[in-house]
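What follows is the content of structure20.tsv (TSV, C-alpha atoms).
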chain	number	residue	atom	x	y	z
A	1	MET	CA	4.27	-2.05	-35.39
A	2	GLU	CA	6.61	-4.95	-35.11
A	3	THR	CA	10.22	-4.16	-34.50
A	4	ALA	CA	13.33	-6.20	-34.83
A	5	THR	CA	13.54	-6.48	-31.07
A	6	ARG	CA	13.64	-10.11	-30.01
A	7	LEU	CA	14.61	-11.76	-26.80
A	8	THR	CA	17.06	-14.57	-26.59
A	9	PRO	CA	15.91	-17.63	-24.67
A	10	ALA	CA	18.14	-16.59	-21.79
A	11	GLU	CA	16.65	-13.11	-21.75
A	12	ALA	CA	13.13	-14.48	-21.84
A	13	GLY	CA	13.98	-16.73	-18.93
A	14	ASP	CA	15.44	-13.80	-17.03
A	15	LEU	CA	12.26	-11.84	-17.64
A	16	ALA	CA	10.09	-14.58	-16.17
A	17	ALA	CA	12.43	-14.95	-13.21
A	18	ALA	CA	12.51	-11.21	-12.60
A	19	PHE	CA	8.75	-11.12	-12.38
A	20	GLY	CA	8.79	-13.61	-9.54
A	21	VAL	CA	11.69	-11.92	-7.79
A	22	HIS	CA	10.67	-8.30	-8.00
A	23	MET	CA	6.88	-8.21	-8.11
A	24	PRO	CA	6.27	-8.93	-4.40
A	25	TRP	CA	8.70	-6.26	-3.29
A	26	LEU	CA	7.52	-3.70	-5.81
A	27	ARG	CA	3.90	-4.28	-4.85
A	28	ARG	CA	4.64	-3.80	-1.16
A	29	ARG	CA	6.59	-0.64	-1.79
A	30	ILE	CA	3.81	0.84	-3.92
A	31	ALA	CA	1.27	-0.19	-1.29
A	32	LEU	CA	3.13	1.97	1.20
A	33	MET	CA	2.68	4.80	-1.27
A	34	VAL	CA	-0.97	4.44	-2.26
A	35	GLY	CA	-2.37	2.52	0.71
A	36	ASP	CA	-4.62	0.24	-1.29
A	37	PRO	CA	-2.88	-3.12	-1.89
A	38	GLU	CA	-5.11	-3.80	-4.85
A	39	GLU	CA	-4.17	-0.54	-6.50
A	40	ALA	CA	-0.57	-1.33	-5.69
A	41	SER	CA	-0.89	-4.61	-7.53
A	42	ASP	CA	-2.29	-2.85	-10.59
A	43	LEU	CA	0.50	-0.30	-10.61
A	44	ALA	CA	3.19	-2.91	-10.03
A	45	GLN	CA	1.88	-4.92	-12.92
A	46	GLU	CA	1.84	-1.84	-15.11
A	47	ALA	CA	5.45	-1.14	-14.17
A	48	PHE	CA	6.33	-4.68	-15.10
A	49	ALA	CA	4.49	-4.40	-18.40
A	50	ARG	CA	6.67	-1.42	-19.21
A	51	ALA	CA	9.71	-3.44	-18.23
A	52	VAL	CA	8.70	-6.05	-20.79
A	53	GLU	CA	8.85	-3.35	-23.44
A	54	ARG	CA	12.36	-2.35	-22.43
A	55	TRP	CA	13.71	-5.83	-21.75
A	56	PRO	CA	16.55	-6.68	-21.28
A	57	ILE	CA	17.20	-3.93	-18.75
A	58	GLY	CA	20.50	-4.99	-17.22
A	59	SER	CA	21.75	-6.59	-14.08
A	60	ARG	CA	19.50	-7.64	-11.25
A	61	ASP	CA	20.26	-4.41	-9.40
A	62	ASP	CA	19.50	-2.42	-12.53
A	63	VAL	CA	16.13	-4.16	-12.85
A	64	ALA	CA	15.25	-3.39	-9.24
A	65	ARG	CA	16.20	0.26	-9.66
A	66	TRP	CA	14.33	0.52	-12.95
A	67	LEU	CA	11.18	-1.02	-11.51
A	68	ALA	CA	11.43	1.14	-8.40
A	69	SER	CA	11.73	4.24	-10.51
A	70	VAL	CA	8.80	3.40	-12.78
A	71	GLY	CA	6.61	1.92	-10.04
A	72	ILE	CA	7.11	4.80	-7.64
A	73	ARG	CA	6.49	7.36	-10.37
A	74	LEU	CA	3.25	5.61	-11.27
A	75	ALA	CA	2.27	5.69	-7.61
A	76	ILE	CA	3.06	9.39	-7.32
A	77	ASP	CA	0.99	10.10	-10.42
A	78	GLU	CA	-1.88	8.07	-9.00
A	79	ILE	CA	-1.84	9.92	-5.68
A	80	ARG	CA	-1.74	13.30	-7.42
A	81	ARG	CA	-4.55	12.24	-9.71
A	82	ARG	CA	-6.67	11.30	-6.74
A	83	ARG	CA	-6.01	14.63	-5.12
A	84	ARG	CA	-6.87	16.44	-8.32
A	85	TRP	CA	-10.14	14.57	-8.53
A	86	GLY	CA	-11.30	14.65	-4.96
A	87	PHE	CA	-13.99	12.06	-5.42
A	88	LEU	CA	-11.30	9.45	-6.05
A	89	GLN	CA	-9.82	9.79	-2.58
A	90	LEU	CA	-8.68	6.59	-1.00
A	91	HIS	CA	-11.22	4.94	1.25
A	92	GLU	CA	-9.93	4.41	4.76
A	93	SER	CA	-10.89	0.77	4.57
A	94	ASP	CA	-8.38	0.28	1.75
A	95	ALA	CA	-5.52	0.99	4.11
A	96	ALA	CA	-6.99	-0.88	7.07
A	97	TRP	CA	-3.92	-3.07	7.18
A	98	ALA	CA	-1.73	-0.01	7.78
A	99	ILE	CA	-4.09	1.66	10.21
A	100	GLU	CA	-4.25	-1.50	12.26
A	101	THR	CA	-0.47	-1.84	12.26
A	102	ASP	CA	0.68	1.68	13.06
A	103	PRO	CA	-2.03	4.32	12.76
A	104	ASP	CA	0.11	7.26	13.86
A	105	LEU	CA	2.95	6.53	11.47
A	106	TRP	CA	0.60	5.72	8.61
A	107	ARG	CA	-1.27	8.96	9.07
A	108	ALA	CA	1.97	10.89	9.24
A	109	ILE	CA	3.51	9.45	6.10
A	110	SER	CA	0.18	9.73	4.28
A	111	GLU	CA	0.29	13.46	4.84
A	112	LEU	CA	3.71	13.79	3.23
A	113	GLU	CA	3.90	14.92	-0.34
A	114	PRO	CA	4.02	11.83	-2.58
A	115	ALA	CA	7.57	12.42	-3.81
A	116	THR	CA	8.74	13.08	-0.26
A	117	ARG	CA	7.12	9.86	0.89
A	118	ALA	CA	8.79	7.97	-1.94
A	119	ALA	CA	12.20	9.38	-1.06
A	120	LEU	CA	11.71	8.44	2.57
A	121	LEU	CA	10.69	4.85	1.80
A	122	LEU	CA	13.46	4.24	-0.69
A	123	THR	CA	16.19	5.60	1.55
A	124	VAL	CA	15.04	4.32	4.95
A	125	LEU	CA	13.57	0.97	3.93
A	126	ASP	CA	15.56	0.04	0.84
A	127	GLY	CA	18.89	1.69	1.51
A	128	TYR	CA	18.89	3.83	-1.59
A	129	THR	CA	21.32	6.74	-1.52
A	130	GLN	CA	20.10	10.26	-2.06
A	131	ASP	CA	21.83	10.22	-5.45
A	132	GLU	CA	19.97	7.04	-6.42
A	133	VAL	CA	16.64	8.48	-5.33
A	134	ALA	CA	17.39	11.67	-7.23
A	135	ALA	CA	18.08	9.62	-10.36
A	136	ALA	CA	14.96	7.51	-9.85
A	137	LEU	CA	12.67	10.47	-9.44
A	138	GLY	CA	14.40	12.77	-11.88
A	139	VAL	CA	15.26	15.55	-9.45
A	140	ALA	CA	18.42	17.09	-8.05
A	141	ARG	CA	20.16	15.51	-5.08
A	142	GLY	CA	19.64	18.67	-3.09
A	143	THR	CA	15.91	18.39	-3.63
A	144	VAL	CA	15.93	14.89	-2.19
A	145	ALA	CA	17.96	16.06	0.79
A	146	SER	CA	15.44	18.82	1.37
A	147	TRP	CA	12.51	16.38	1.15
A	148	LEU	CA	14.13	14.00	3.63
A	149	SER	CA	14.90	16.78	6.08
A	150	ARG	CA	11.31	17.95	5.90
A	151	ALA	CA	10.01	14.41	6.28
A	152	ARG	CA	12.09	13.81	9.40
A	153	ASP	CA	10.79	17.04	10.91
A	154	ARG	CA	7.21	15.98	10.23
A	155	LEU	CA	7.69	12.47	11.56
A	156	ARG	CA	9.76	13.35	14.61
A	157	PRO	CA	6.78	13.84	16.96
A	158	VAL	CA	5.41	10.46	15.93
A	159	ILE	CA	8.68	8.58	16.20
A	160	GLU	CA	10.03	10.19	19.33
A	161	GLY	CA	6.74	10.68	21.08
A	162	THR	CA	5.89	7.00	21.38
A	163	SER	CA	7.53	3.84	22.61
A	164	ASP	CA	10.35	2.39	20.61
A	165	GLU	CA	9.14	-1.12	21.33
A	166	ARG	CA	6.97	-1.84	18.37
B	1	MET	CA	20.73	11.51	17.24
B	2	ASN	CA	19.63	11.22	13.64
B	3	ASP	CA	20.94	7.65	13.55
B	4	ARG	CA	18.72	6.61	16.44
B	5	PHE	CA	15.76	8.40	14.93
B	6	ASP	CA	16.40	6.72	11.58
B	7	GLU	CA	16.64	3.31	13.22
B	8	ARG	CA	13.34	3.79	15.02
B	9	LEU	CA	11.75	5.02	11.82
B	10	ARG	CA	13.16	2.10	9.86
B	11	ARG	CA	11.81	-0.42	12.35
B	12	ARG	CA	8.32	1.02	12.25
B	13	LEU	CA	8.29	1.38	8.48
B	14	SER	CA	9.49	-2.22	8.23
B	15	ALA	CA	6.55	-3.29	10.36
B	16	LEU	CA	4.21	-1.52	7.94
B	17	ASP	CA	6.04	-3.05	5.00
B	18	THR	CA	5.54	-6.57	6.28
B	19	ALA	CA	1.89	-5.86	7.10
B	20	VAL	CA	0.92	-5.29	3.47
B	21	PRO	CA	-1.68	-8.00	2.74
B	22	THR	CA	-0.46	-10.71	0.44
B	23	GLU	CA	-1.86	-10.85	-3.02
B	24	GLY	CA	-3.76	-14.08	-2.42
B	25	SER	CA	-5.55	-12.84	0.67
B	26	GLU	CA	-6.46	-9.66	-1.12
B	27	LEU	CA	-7.89	-11.08	-4.29
B	28	ARG	CA	-9.14	-14.50	-3.40
B	29	GLY	CA	-10.18	-13.90	0.16
B	30	VAL	CA	-13.38	-15.08	1.69
B	31	GLY	CA	-16.58	-13.31	0.89
B	32	GLY	CA	-16.05	-12.88	-2.82
B	33	ALA	CA	-17.53	-9.89	-4.51
B	34	SER	CA	-19.68	-8.77	-1.63
B	35	ALA	CA	-16.69	-8.50	0.63
B	36	ARG	CA	-14.97	-5.98	-1.58
B	37	ARG	CA	-15.86	-2.40	-2.11
B	38	HIS	CA	-16.40	-1.02	-5.56
B	39	ARG	CA	-13.15	0.58	-6.57
B	40	VAL	CA	-13.86	3.99	-8.05
B	41	GLY	CA	-10.32	4.83	-8.99
B	42	THR	CA	-8.51	3.97	-12.15
B	43	SER	CA	-4.82	3.35	-12.39
B	44	ALA	CA	-2.60	5.81	-14.11
B	45	GLY	CA	-2.35	5.53	-17.85
B	46	LEU	CA	-3.76	2.71	-19.86
B	47	PRO	CA	-5.52	-0.24	-18.31
B	48	VAL	CA	-2.93	-2.83	-17.48
B	49	GLY	CA	-4.19	-5.43	-19.90
B	50	LEU	CA	-4.26	-2.99	-22.75
B	51	ALA	CA	-0.94	-1.49	-21.76
B	52	ALA	CA	0.65	-4.89	-21.63
B	53	GLY	CA	-0.89	-5.70	-24.97
B	54	LEU	CA	0.47	-2.55	-26.54
B	55	VAL	CA	3.83	-3.15	-24.94
B	56	VAL	CA	4.06	-6.57	-26.40
B	57	LEU	CA	2.95	-5.30	-29.77
B	58	VAL	CA	5.65	-2.66	-29.78
B	59	VAL	CA	8.29	-5.22	-29.00
B	60	GLY	CA	7.01	-7.34	-31.81
B	61	LEU	CA	6.03	-10.23	-29.62
B	62	THR	CA	4.00	-12.06	-32.19
B	63	ILE	CA	4.40	-15.75	-31.92
B	64	LEU	CA	1.68	-17.11	-34.07
B	65	GLY	CA	1.08	-14.56	-36.75
B	66	VAL	CA	-1.73	-12.28	-37.73
B	67	SER	CA	-3.92	-15.08	-38.92
B	68	LEU	CA	-4.29	-16.28	-35.38
B	69	ARG	CA	-5.43	-12.99	-33.94
B	70	PRO	CA	-8.96	-13.13	-32.63
B	71	SER	CA	-11.55	-12.26	-35.16
B	72	GLN	CA	-13.13	-8.86	-35.18
B	73	PRO	CA	-16.73	-8.83	-34.00
B	74	GLY	CA	-18.93	-10.39	-36.60
B	75	SER	CA	-16.13	-12.04	-38.49
B	76	THR	CA	-16.03	-15.30	-36.63
B	77	PRO	CA	-17.02	-18.22	-38.82
B	78	ALA	CA	-20.50	-19.38	-37.96
B	79	THR	CA	-19.31	-22.90	-37.30
B	80	THR	CA	-16.83	-21.83	-34.67
B	81	VAL	CA	-18.71	-19.29	-32.64
B	82	ALA	CA	-17.99	-19.66	-28.96
B	83	THR	CA	-21.00	-19.82	-26.75
B	84	PRO	CA	-21.57	-16.27	-25.50
B	85	SER	CA	-22.33	-15.77	-21.86
B	86	HIS	CA	-23.81	-12.73	-20.22
B	87	ALA	CA	-24.89	-14.29	-16.96
B	88	SER	CA	-22.34	-12.52	-14.79
B	89	GLY	CA	-22.07	-9.37	-16.88
B	90	MET	CA	-18.81	-10.64	-18.33
B	91	ASN	CA	-19.15	-11.35	-22.03
B	92	ILE	CA	-16.72	-13.77	-23.63
B	93	ILE	CA	-16.53	-12.90	-27.32
B	94	ASP	CA	-15.05	-14.86	-30.21
B	95	ALA	CA	-13.01	-17.09	-27.97
B	96	GLN	CA	-10.86	-19.68	-29.68
B	97	ALA	CA	-8.49	-22.39	-28.50
B	98	ILE	CA	-5.24	-22.83	-30.41
B	99	PRO	CA	-3.11	-25.91	-29.78
B	100	ILE	CA	0.61	-25.22	-29.74
B	101	PRO	CA	3.53	-27.63	-29.68
B	102	GLY	CA	4.85	-28.64	-26.31
B	103	SER	CA	4.82	-31.05	-23.47
B	104	GLY	CA	1.39	-31.27	-21.87
B	105	ASN	CA	-0.31	-30.44	-25.15
B	106	PRO	CA	-0.66	-26.74	-24.30
B	107	VAL	CA	-3.49	-24.68	-25.75
B	108	ILE	CA	-3.59	-20.92	-26.06
B	109	VAL	CA	-6.98	-19.35	-25.44
B	110	VAL	CA	-7.63	-16.10	-27.26
B	111	GLY	CA	-10.66	-13.88	-27.57
B	112	SER	CA	-12.20	-10.79	-26.04
B	113	ILE	CA	-13.79	-10.19	-22.68
B	114	ARG	CA	-16.19	-7.30	-22.22
B	115	ASN	CA	-16.82	-6.15	-18.68
B	116	GLY	CA	-20.50	-5.24	-18.49
B	117	THR	CA	-20.73	-5.59	-14.74
B	118	GLY	CA	-20.46	-1.89	-13.99
B	119	ARG	CA	-17.35	-2.30	-11.87
B	120	ASP	CA	-13.67	-2.81	-12.44
B	121	ASP	CA	-12.71	-6.44	-12.32
B	122	LYS	CA	-9.87	-8.78	-13.13
B	123	LEU	CA	-9.54	-11.98	-15.05
B	124	ILE	CA	-7.64	-14.04	-12.50
B	125	GLY	CA	-7.54	-17.44	-14.15
B	126	GLY	CA	-9.50	-20.21	-15.68
B	127	SER	CA	-10.06	-23.91	-15.82
B	128	SER	CA	-11.12	-26.67	-18.15
B	129	PRO	CA	-12.22	-30.23	-17.45
B	130	ILE	CA	-9.60	-31.51	-19.86
B	131	ALA	CA	-6.65	-29.45	-18.57
B	132	LYS	CA	-4.69	-29.87	-15.38
B	133	THR	CA	-3.72	-26.23	-15.22
B	134	ALA	CA	-4.77	-22.91	-16.70
B	135	GLY	CA	-2.74	-19.76	-16.27
B	136	LEU	CA	-2.40	-16.23	-17.56
B	137	TYR	CA	0.85	-15.36	-19.26
B	138	ALA	CA	2.69	-12.72	-21.17
B	139	THR	CA	4.81	-14.37	-23.76
B	140	SER	CA	8.37	-13.52	-24.59
B	141	GLY	CA	7.71	-13.05	-28.28
B	142	LEU	CA	10.02	-15.78	-29.38
B	143	TRP	CA	9.05	-18.47	-31.78
B	144	PRO	CA	9.40	-21.30	-31.11
B	145	ILE	CA	8.52	-20.43	-27.54
B	146	PRO	CA	11.70	-21.10	-25.53
B	147	THR	CA	11.46	-24.00	-23.13
B	148	ASP	CA	13.39	-24.98	-20.06
B	149	ASP	CA	14.98	-28.34	-19.31
B	150	THR	CA	11.62	-29.89	-18.54
B	151	GLY	CA	10.08	-28.75	-21.77
B	152	MET	CA	7.96	-26.07	-20.14
B	153	ALA	CA	7.60	-22.83	-22.03
B	154	ASN	CA	9.33	-19.77	-20.65
B	155	LEU	CA	6.41	-17.43	-20.18
B	156	ALA	CA	6.03	-14.63	-17.70
B	157	PRO	CA	3.11	-15.50	-15.44
B	158	MET	CA	0.70	-12.64	-14.90
B	159	PRO	CA	-1.45	-12.56	-11.79
B	160	TRP	CA	-4.40	-11.15	-13.70
B	161	TRP	CA	-5.56	-8.96	-16.51
B	162	LEU	CA	-7.39	-5.87	-15.40
B	163	ILE	CA	-10.75	-5.22	-17.09
B	164	ARG	CA	-12.14	-1.78	-16.39
B	165	ALA	CA	-15.88	-1.37	-16.14
B	166	GLY	CA	-17.38	-1.05	-19.59
B	167	GLU	CA	-14.13	-1.92	-21.32
B	168	THR	CA	-13.06	-4.88	-23.41
B	169	ILE	CA	-9.72	-6.63	-23.23
B	170	GLU	CA	-8.34	-8.93	-25.86
B	171	LEU	CA	-6.44	-12.08	-25.14
B	172	ARG	CA	-4.19	-12.51	-28.13
B	173	ALA	CA	-1.57	-14.99	-29.11
B	174	GLY	CA	1.71	-13.27	-28.48
B	175	ASP	CA	0.20	-10.78	-26.08
B	176	GLY	CA	-1.53	-11.66	-22.89
B	177	GLU	CA	-3.25	-14.97	-23.12
B	178	MET	CA	-4.60	-17.86	-21.15
B	179	VAL	CA	-2.74	-21.14	-21.54
B	180	LEU	CA	-4.27	-24.51	-20.76
B	181	ASN	CA	-1.78	-27.23	-20.04
B	182	GLY	CA	-1.62	-30.81	-18.89
B	183	LEU	CA	-4.01	-32.18	-21.51
B	184	ALA	CA	-4.07	-35.95	-21.88
B	185	ARG	CA	-4.04	-35.69	-25.65
B	186	PRO	CA	-3.62	-32.88	-28.17
B	187	LEU	CA	-6.68	-31.05	-29.39
B	188	ALA	CA	-7.44	-30.88	-33.09
B	189	ALA	CA	-9.11	-28.23	-35.18
B	190	GLY	CA	-12.83	-28.76	-35.38
B	191	GLN	CA	-13.17	-29.93	-31.80
B	192	SER	CA	-14.42	-27.74	-29.01
B	193	VAL	CA	-13.40	-27.37	-25.40
B	194	GLN	CA	-15.20	-26.16	-22.31
B	195	ILE	CA	-13.40	-23.32	-20.57
B	196	THR	CA	-14.33	-21.43	-17.42
B	197	PHE	CA	-13.07	-17.88	-17.04
B	198	GLU	CA	-12.63	-16.79	-13.42
B	199	PHE	CA	-12.83	-13.23	-12.19
B	200	ALA	CA	-11.98	-11.46	-8.97
B	201	TYR	CA	-15.54	-10.25	-8.45
B	202	ALA	CA	-17.89	-11.45	-11.15
B	203	ASP	CA	-19.18	-14.99	-11.20
B	204	PRO	CA	-17.19	-17.45	-13.32
B	205	VAL	CA	-18.24	-17.72	-16.95
B	206	THR	CA	-18.18	-21.10	-18.68
B	207	VAL	CA	-18.21	-21.24	-22.46
B	208	ARG	CA	-17.64	-23.85	-25.13
B	209	VAL	CA	-14.80	-22.70	-27.36
B	210	PRO	CA	-13.92	-23.95	-30.84
B	211	VAL	CA	-10.46	-25.34	-31.45
B	212	VAL	CA	-8.74	-23.79	-34.45
B	213	ALA	CA	-5.45	-24.63	-36.12
B	214	GLY	CA	-2.48	-22.40	-35.48
B	215	VAL	CA	-0.20	-21.07	-38.18
B	216	VAL	CA	3.44	-21.04	-37.32
B	217	PRO	CA	5.28	-18.18	-39.00
What does the file become when written as structure tokens?
Amino acid sequence: METATRLTPAEAGDLAAAFGVHMPWLRRRIALMVGDPEEASDLAQEAFARAVERWPIGSRDDVARWLASVGIRLAIDEIRRRRRWGFLQLHESDAAWAIETDPDLWRAISELEPATRAALLLTVLDGYTQDEVAAALGVARGTVASWLSRARDRLRPVIEGTSDER
Amino acid sequence: MNDRFDERLRRRLSALDTAVPTEGSELRGVGGASARRHRVGTSAGLPVGLAAGLVVLVVGLTILGVSLRPSQPGSTPATTVATPSHASGMNIIDAQAIPIPGSGNPVIVVGSIRNGTGRDDKLIGGSSPIAKTAGLYATSGLWPIPTDDTGMANLAPMPWWLIRAGETIELRAGDGEMVLNGLARPLAAGQSVQITFEFAYADPVTVRVPVVAGVVP
């Protein structure tokens, strides 16, 4: 199964550095998707393992986008799998950190469709454009726009119905 | 109006983002196994350890050659059988220690770990009385292993290797492996070394592992 693919010393160094740079962020972002930080760690590591296969990926921004795309897709798959198999539903205690921080917002974003939640997080928290989210999730830009519009409608009562001072 | 809404949303999402527990507090927190629930879910796709192993195989990340791969069950020479341990439900199988060139006399630890505990767990590290450090790494696949200015190998540190309940992972040279470092003197084939494998939930497992010679391709 060996291939001719080999990394130069510089590329190998970049790979090790990228792990340290991107893993914390990727894990946090996936945790906001799946709730369970431990599951987020597993998925983030799996995303990184896939990055190893593809290395070198490109510039630092390219690596971040690539990891976001793979990591978020893994998270979406995991959420859908849990829904398909109801007995694998997330335990509330797994997301205690979120419930303690902002129960209303956590509940609201948890009820969003996984892809919609991903689009919301990537655009609002990470500054991704709708085009970038569309590319990351493999959908049309219009679909992303529709998701975000729906997400804002769903979250509006939570955001506008409580104090801004959080 | 949307701008103000977005700003409020961003601030509250940011608060959630920063509230995600850090990895250390999550895995190595007080209470040990009893403080954690039994995770019933499985991550998408292959178990991480296996996936990483396959990934590395596909890329051709073999640094020591086939002859260094851990023996298949039953094929380990009788004189070099690692002490098996079943005390915690984690079985260390055919473990071997392979000295490699480098500052600190590093040693790669290979072998298999079978999770018989009935719950998902993670290999999170290890220790040895003769080593200053022990870490889990995914290697770059280069040989010789590239080193930085200080002579340290450029390896990607891995926080753990996931071991699903009832499954076996392999630590292989060139895949995911444990590396002991900071040895006072190099190990030689024929010796043995005591190594403790540490898990997120299961009790640590200490075994005596034979040292075998590596073959550089």
Could you list, as a PyMOL selection string, every residue within 8 Å of A:Arg80, counting all atoms listed in the file and ignoring same-chain residues fewer than 4 positions away?
chain A and resi 76+84+114
Could you save the residues just selected, with C-alpha atoms, as an mmCIF file, keeping the file's coordinate frame?
data_model
loop_
_atom_site.group_PDB
_atom_site.id
_atom_site.type_symbol
_atom_site.label_atom_id
_atom_site.label_comp_id
_atom_site.auth_asym_id
_atom_site.auth_seq_id
_atom_site.Cartn_x
_atom_site.Cartn_y
_atom_site.Cartn_z
ATOM 1 C CA ILE A 76 3.060 9.390 -7.320
ATOM 2 C CA ARG A 84 -6.870 16.440 -8.320
ATOM 3 C CA PRO A 114 4.020 11.830 -2.580
#
Quick one: residues within 12 Å of stretch 184-191 of chain B, all atoms listed in the file counted, chain neighbours fewer than 5 positions away excluded, as a PyMOL selection string?
chain B and resi 77+79-82+96-108+129-133+208-215
Can you measure atom CA of A:Phe48 to atom CA of A:Leu137 for me? One decimal in Å is fine.
17.4 Å
Which protein, DNA or RNA residues have an atom at most 12 Å from (-5.8, 1.2, 3.0), counting all atoms listed in the file? List them as a short mmCIF file (atom, residue, chain, number, x, y, z; two decimals) with C-alpha atoms, in the frame of the given file.
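Listed below is the output, point-v3.cif:
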data_model
loop_
_atom_site.label_atom_id
_atom_site.label_comp_id
_atom_site.auth_asym_id
_atom_site.auth_seq_id
_atom_site.Cartn_x
_atom_site.Cartn_y
_atom_site.Cartn_z
CA ILE A 30 3.81 0.84 -3.92
CA ALA A 31 1.27 -0.19 -1.29
CA LEU A 32 3.13 1.97 1.20
CA MET A 33 2.68 4.80 -1.27
CA VAL A 34 -0.97 4.44 -2.26
CA GLY A 35 -2.37 2.52 0.71
CA ASP A 36 -4.62 0.24 -1.29
CA PRO A 37 -2.88 -3.12 -1.89
CA GLU A 38 -5.11 -3.80 -4.85
CA GLU A 39 -4.17 -0.54 -6.50
CA ALA A 40 -0.57 -1.33 -5.69
CA GLN A 89 -9.82 9.79 -2.58
CA LEU A 90 -8.68 6.59 -1.00
CA HIS A 91 -11.22 4.94 1.25
CA GLU A 92 -9.93 4.41 4.76
CA SER A 93 -10.89 0.77 4.57
CA ASP A 94 -8.38 0.28 1.75
CA ALA A 95 -5.52 0.99 4.11
CA ALA A 96 -6.99 -0.88 7.07
CA TRP A 97 -3.92 -3.07 7.18
CA ALA A 98 -1.73 -0.01 7.78
CA ILE A 99 -4.09 1.66 10.21
CA GLU A 100 -4.25 -1.50 12.26
CA THR A 101 -0.47 -1.84 12.26
CA ASP A 102 0.68 1.68 13.06
CA PRO A 103 -2.03 4.32 12.76
CA TRP A 106 0.60 5.72 8.61
CA ARG A 107 -1.27 8.96 9.07
CA SER A 110 0.18 9.73 4.28
CA LEU B 16 4.21 -1.52 7.94
CA ALA B 19 1.89 -5.86 7.10
CA VAL B 20 0.92 -5.29 3.47
CA PRO B 21 -1.68 -8.00 2.74
CA GLU B 26 -6.46 -9.66 -1.12
CA ARG B 37 -15.86 -2.40 -2.11
#
Length of the atom CA of A:Gly71 to atom CA of A:Val133 vector [Å]:
12.9 Å
With all atoms listed in the file as the atoms that count, which of B:Ala202, B:Tyr137, B:Asn91, B:Ile113 lies nearest to chain A?
B:Tyr137
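The gap separating atom CA of A:Ala47 from atom CA of A:Gly127 is 20.8 Å, in Å to one decimal.
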